[in-house]
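Report on the structure given below.
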Amino acid sequence: MPVNFSAAAETAPQQQQPKAVERVAAVIRPDAVIPNSLIELQKAQGEAKDLKQYKAEHGNPRDGLSQAGKTESPPLSPTEQKQLERVNPKIAKEVSDFDVVSSVRAEMAATKKTEAEVLATRGVPLPAEFKAMADGVADRLIAMKYVRELIPNFDKITKPNVRRAVIDALFVSNDLVREKYLVKVRTIVSEAAKLSVDPEVAQKEKATTGGKAAEALKQKTVDRIQKRLGNIGDKNDKLITPDEVEKLFEGDRTPTEAADTLFGKLLAEKNIDPVNYRTHRDNQSRITELNGQLKSAKGEEKGKIENQIKVLTEQNKQINITTDNEVQISKVREQVYGHEDELHQRVGGVMADLQKLHDQQQHIETASSETTLSPDQQQDQGALQVEKERLGRELQKALVDSIESTVVEQYDELSEINGQKFLADAEKQKKQGQVELAKDAEHINKVMVEDGSHLENGKRVYNFKKLKEKLTYIVDHGKDDGGSRSMLHDVLTRDGRTITVFDKSGSEVTLHQKADGKLYREDDSVYTVDVQVKNVGSEGYTSKTVDASTDTISLGSLVGESKQLLDHINSQRDVYLHQLRLDYQLATSSLHIWNLGQAREMSFTNDQRAKLVQEFGIEDVKEVQKEAKRIANWKQMLEDRGVDSIEGFSGTALLMLLSLLGVKKKED
Amino acid sequence: MMNDNMATDVSVKKDFIEQLKKRAAELLFDALIAGLDNGSLSFEDSKKSARKIEMHIDQLESPEELLVFLRSLDQKYPSFRSVFIKFKAEETLLEDKIKLESVQQRLKNLTANYAG
């Protein structure tokens with residue numbers, strides 16, 4: 001039976017799998033553009049293959065999920081690094097350091113190697129350099145207020161190596177932070193690639209290029225001079241060096257003066273004293289001149305001239321320029337000054353080259369001094385500088401943003417878990433026929449979102465007022481009584497929700513809560529209760545009648561279904577408190593970034609804060625017991641750094657934070 | 001004696017939920033691999049969903065919580081739908097079995113009363 005390919009194509013999810021035609025085209029046509037969807041599919045299938053292999057080798061699905069969740073962020077390439085350097089070399093170095101340190105940490109986690117082993121395989125950086133680099137990365141993070149505030153009691157840690165170790169364990173070694181950070185950095189890299197070239201740098205480069213070109217030409221000229229003079233055959237078979245050519249122009253000599261200097265130098269190399277030669281030559285010219293004058297001279301004048309000729313001839317004899325010397329001098333003169341052709345033009349010789357050399361040198365000097373920018377160039381430079389500063393700020397912000405979004409993501413995940421616990425409770429109550437309790441659980445979940453934090457158009461919104469009210473209440477009443485009463489208050493905000501209590505006479509009274517927080521009877525009169533108030537200035541208590549509320553009512557007076565409600569509240573209280581704590585930690589750690597103006601609304605006194613830690617600390621212990629296995633590797637990391645204890649630090653809070661940040665256990 | 005019974009109950013309940021979590025993890029891991037293989041789950045989503053599953057499974061304390069989580073996971077990543085359906089079907093079967101047993105018991109009681 002023939003296979004119906006069209007039908008198969010129609011049933012395939014179009015967005016998830018590339019069309020068959022595209023896949024075939026990619027195979028049979030080398031120039032075919034492979035669709036992104038196909039690349040994605042190949043990537044996914046490659047991952048599936050790796051996970052299947054992992055499953056076959058390890059078997060444990062929990063470890064498999066842990067493996068599947070791991071992120072790998074390739075280090076920055078040299079090209080990417082160069083683009084960042086264009087933005088700001090100092091910040092680029094900071095980014096690079098974080099990249100190196102966190103990639104070493106990632107490799108340690110993936111390969112289970114120690115820091116020393118990983119560094120040994122890399123070769124660069126050396127262990128001492130790496131330590132300085134890692135310390136620098138941690139110190140920069142410690143300098144960030146937001147980062148310090150994320151860790152409860154961090155400022156109480158005084159030893160620098162402990163502070164650094166904690167920061168390293170929490171953020172630098174966190175693969176999620178690294179992944180988010182490098183994604184942000186790479187976005188900035190692509191923006192940096194679009195930056196125009198700095199006009200000043202361009203000008204300098206142009207000058208350098210011009211200078212380089214002139215230098216190259218100059219070199220060619222020097223080579224030519226060497227070749228021309230090389231044929232002269234000096235005694236050591238040594239060519240004139242570029243430095244020697246350079247020296248010909250010393251003292252701002254003109255090309256003609258340089259040629260004269262060269263001529264003298266070459267003569268000296270042939271053991272002909274240039275001064276003597278010049279004297280010989282001048283004498284010879286003078287003798288020729290005097291011989292001319294002698295023809296018409298008479299008497300005493302004639303005698304004088306003859307005497308002069310005699311003296312000069314004697315002098316020249318002593319100088320002793322031989323015929324051989326004359327031949328050599330003639331050759332040198334031609335090599336340096338060339339010879340006259342039929343048209344009386346000087347040809348050959350290095351004179352022309354020396355003139356070129358002189359011009360080229362002047363061009364080099366002019367080019368290197370041309371760095372003044374035009375007004376337009378200055379304007380472009382200003383705009384470029386502004387853009388670079390913006391990208392620099394983005395780069396600096398990227399790290400703290402990555403940490404923040406990792407923390408928030410994890411808080412959101414934990415909040416979602418709490419929400420699911422309330423909803424699961426609602427499902428359970430429904431199954432057991434407890435319709436009201438099911439509605440209560442759903443309602444509590446809704447209230448927790450409204451009174452804590454939620455997203456509105458992508459922006460996180462906090463109900464600081466409600467959050468502070470509830471937290472203060474728990475500080476004042478303790479987590480058990482305070483937690484139950486606060487939760488009861490929230491349940492009674494549900495439309496139509498009532499509770500029943502025994503009044504003083506033992507009769508059942510049904511109450512509902514109004515917006516003012518007071519409890520009212522069915523006839524809308526305020527219900528009152530007697531409370532014991534501590535006497536001011538004397539011992540003992542005095543009974544006082546006050547308006548009833550979830551704060552003042554005796555929980556022991558709840559009756560029937562309401563007693564069941566209280567039991568249910570007590571069984572769900574831990575989830576309620578956990579969510580409150582999450583909202584508190586998230587809100588306080590986010591205040592200076594998102595809601596600076598509202599910071600006061602969440603401010604607590606030191607005593608209140610201490611009580612909050614105390615109340616929630618008990619919960620932390622449970623949390624830690626649950627999470628301890630998952631976060632064993634941070635302890636290892638502290639040990640590797642020689643840190644055996646963390647003074648003045650709430651270890652449980654740190655452990656919880658580590659778990660929040662997704663720090664995974666060391667896989668054995 | 002009463003405390004001993006309660007402790008045993010808690011222990012049995014804990015074992016039960018641990019078994020449930022183990023099975024869920026296994027099925028979810030298989031579904032994740034299958035999703036990657038057939039293209040219904042992208043590489044990036046596989047990373048995110050794996051981290052989510054790992055974190056949630058650690059915190060599960062009851063079968064109801066597991067079902068709520070699987071439903072929410074299915075809404076975000078349909079590749080895991082089969083796991084939700086499987087557990088939901090098992091829950092329905094279990095409920096039906098309990099209802100049936102309850103009805104049978106009542107019938108038995110009625111018959112016994114009638115006979116008596």
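Naming scheme: A, B, ... for chains in displayed order of the structure tokens; residues 1 onward per chain; ligands 1 onward as shown.
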
List as a ChimeraX atom specification the protein and nucleic acid residues near segment 350-354 of chain A, meaning an atom at most 7 Å away when only C-alpha atoms are counted, but skip any in the same chain fewer than 2 places from it. /A:221,225,255,259,335-337,348,356-358

Specify as a short mmCIF file (atom, residue, chain, number, x, y, z; two decimals) with N, CA and C atoms, in the first residue's frame all residues of chain A found within 7 Å of chain B, counting only C-alpha atoms.
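Dumped everything to result_31.cif:
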data_model
loop_
_atom_site.label_atom_id
_atom_site.label_comp_id
_atom_site.auth_asym_id
_atom_site.auth_seq_id
_atom_site.Cartn_x
_atom_site.Cartn_y
_atom_site.Cartn_z
N GLN A 16 6.37 23.06 14.55
CA GLN A 16 7.40 22.33 15.28
C GLN A 16 8.36 21.60 14.37
N GLN A 17 7.88 21.17 13.19
CA GLN A 17 8.77 20.44 12.32
C GLN A 17 8.89 21.19 11.00
N GLU A 40 16.78 24.04 14.94
CA GLU A 40 16.24 23.84 16.30
C GLU A 40 15.97 22.35 16.55
N LEU A 41 15.35 21.73 15.53
CA LEU A 41 14.99 20.32 15.67
C LEU A 41 16.24 19.47 15.84
N LYS A 43 19.06 20.41 17.03
CA LYS A 43 19.62 20.69 18.35
C LYS A 43 18.86 19.87 19.42
N ALA A 44 17.53 19.90 19.30
CA ALA A 44 16.69 19.19 20.27
C ALA A 44 16.96 17.68 20.19
N GLN A 45 17.07 17.18 18.96
CA GLN A 45 17.28 15.73 18.81
C GLN A 45 18.67 15.32 19.32
N ALA A 48 18.25 15.06 22.92
CA ALA A 48 17.50 13.84 23.25
C ALA A 48 18.46 12.64 23.24
N LEU A 51 20.60 12.66 26.32
CA LEU A 51 19.85 12.29 27.52
C LEU A 51 19.53 10.80 27.56
N PRO A 61 16.02 8.69 37.08
CA PRO A 61 15.36 9.78 36.34
C PRO A 61 15.53 11.15 37.01
N ARG A 62 15.65 11.16 38.35
CA ARG A 62 15.82 12.45 39.06
C ARG A 62 17.14 13.09 38.63
N GLY A 64 18.59 12.40 35.89
CA GLY A 64 18.40 12.70 34.47
C GLY A 64 17.78 14.07 34.28
N LEU A 65 16.78 14.38 35.11
CA LEU A 65 16.13 15.69 35.03
C LEU A 65 17.13 16.78 35.39
N SER A 66 17.95 16.48 36.38
CA SER A 66 18.96 17.44 36.80
C SER A 66 19.93 17.70 35.65
N ALA A 68 19.22 17.26 32.47
CA ALA A 68 18.49 17.94 31.39
C ALA A 68 18.35 19.45 31.67
N GLY A 69 18.33 19.80 32.94
CA GLY A 69 18.14 21.22 33.29
C GLY A 69 19.42 22.03 33.28
N LYS A 70 20.54 21.36 33.13
CA LYS A 70 21.82 22.08 33.16
C LYS A 70 21.97 23.01 31.96
N ILE A 417 4.61 26.97 43.58
CA ILE A 417 4.47 25.71 44.33
C ILE A 417 3.49 25.90 45.48
N GLN A 420 0.02 26.03 44.20
CA GLN A 420 -0.45 24.69 43.84
C GLN A 420 -0.82 23.88 45.08
N LYS A 421 -0.12 24.15 46.18
CA LYS A 421 -0.45 23.45 47.42
C LYS A 421 -1.86 23.85 47.90
N ALA A 424 -4.31 22.23 45.50
CA ALA A 424 -4.39 20.79 45.75
C ALA A 424 -5.24 20.53 46.99
N GLU A 427 -8.80 20.83 46.00
CA GLU A 427 -9.25 19.60 45.30
C GLU A 427 -9.59 18.50 46.31
N LYS A 428 -8.70 18.38 47.29
CA LYS A 428 -8.86 17.34 48.30
C LYS A 428 -10.15 17.57 49.09
#

Residues of segment 350-570 of chain A classed as strand (DSSP E) by DSSP on the backbone are to be reported as a VMD selection string. chain A and resid 453 to 456 459 to 462 498 to 502 508 to 513 519 to 520 528 to 534 541 to 547

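Of note, atom CA of Arg71 of chain B and atom CA of Ile85 of chain B are spaced 8.8 Å apart.
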
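For the pair atom CA of Phe84 of chain B and atom CA of Leu70 of chain B, the interatomic distance is 5.2 Å.
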
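Restricting the calculation to only C-alpha atoms, the smallest distance between Leu586 of chain A and any of A:Asp50, A:Glu191, A:Glu409, A:Glu334 is found for A:Glu409.
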
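We find atom CA of Lys93 of chain A and atom CA of Gln81 of chain A to be spaced 8.6 Å apart.
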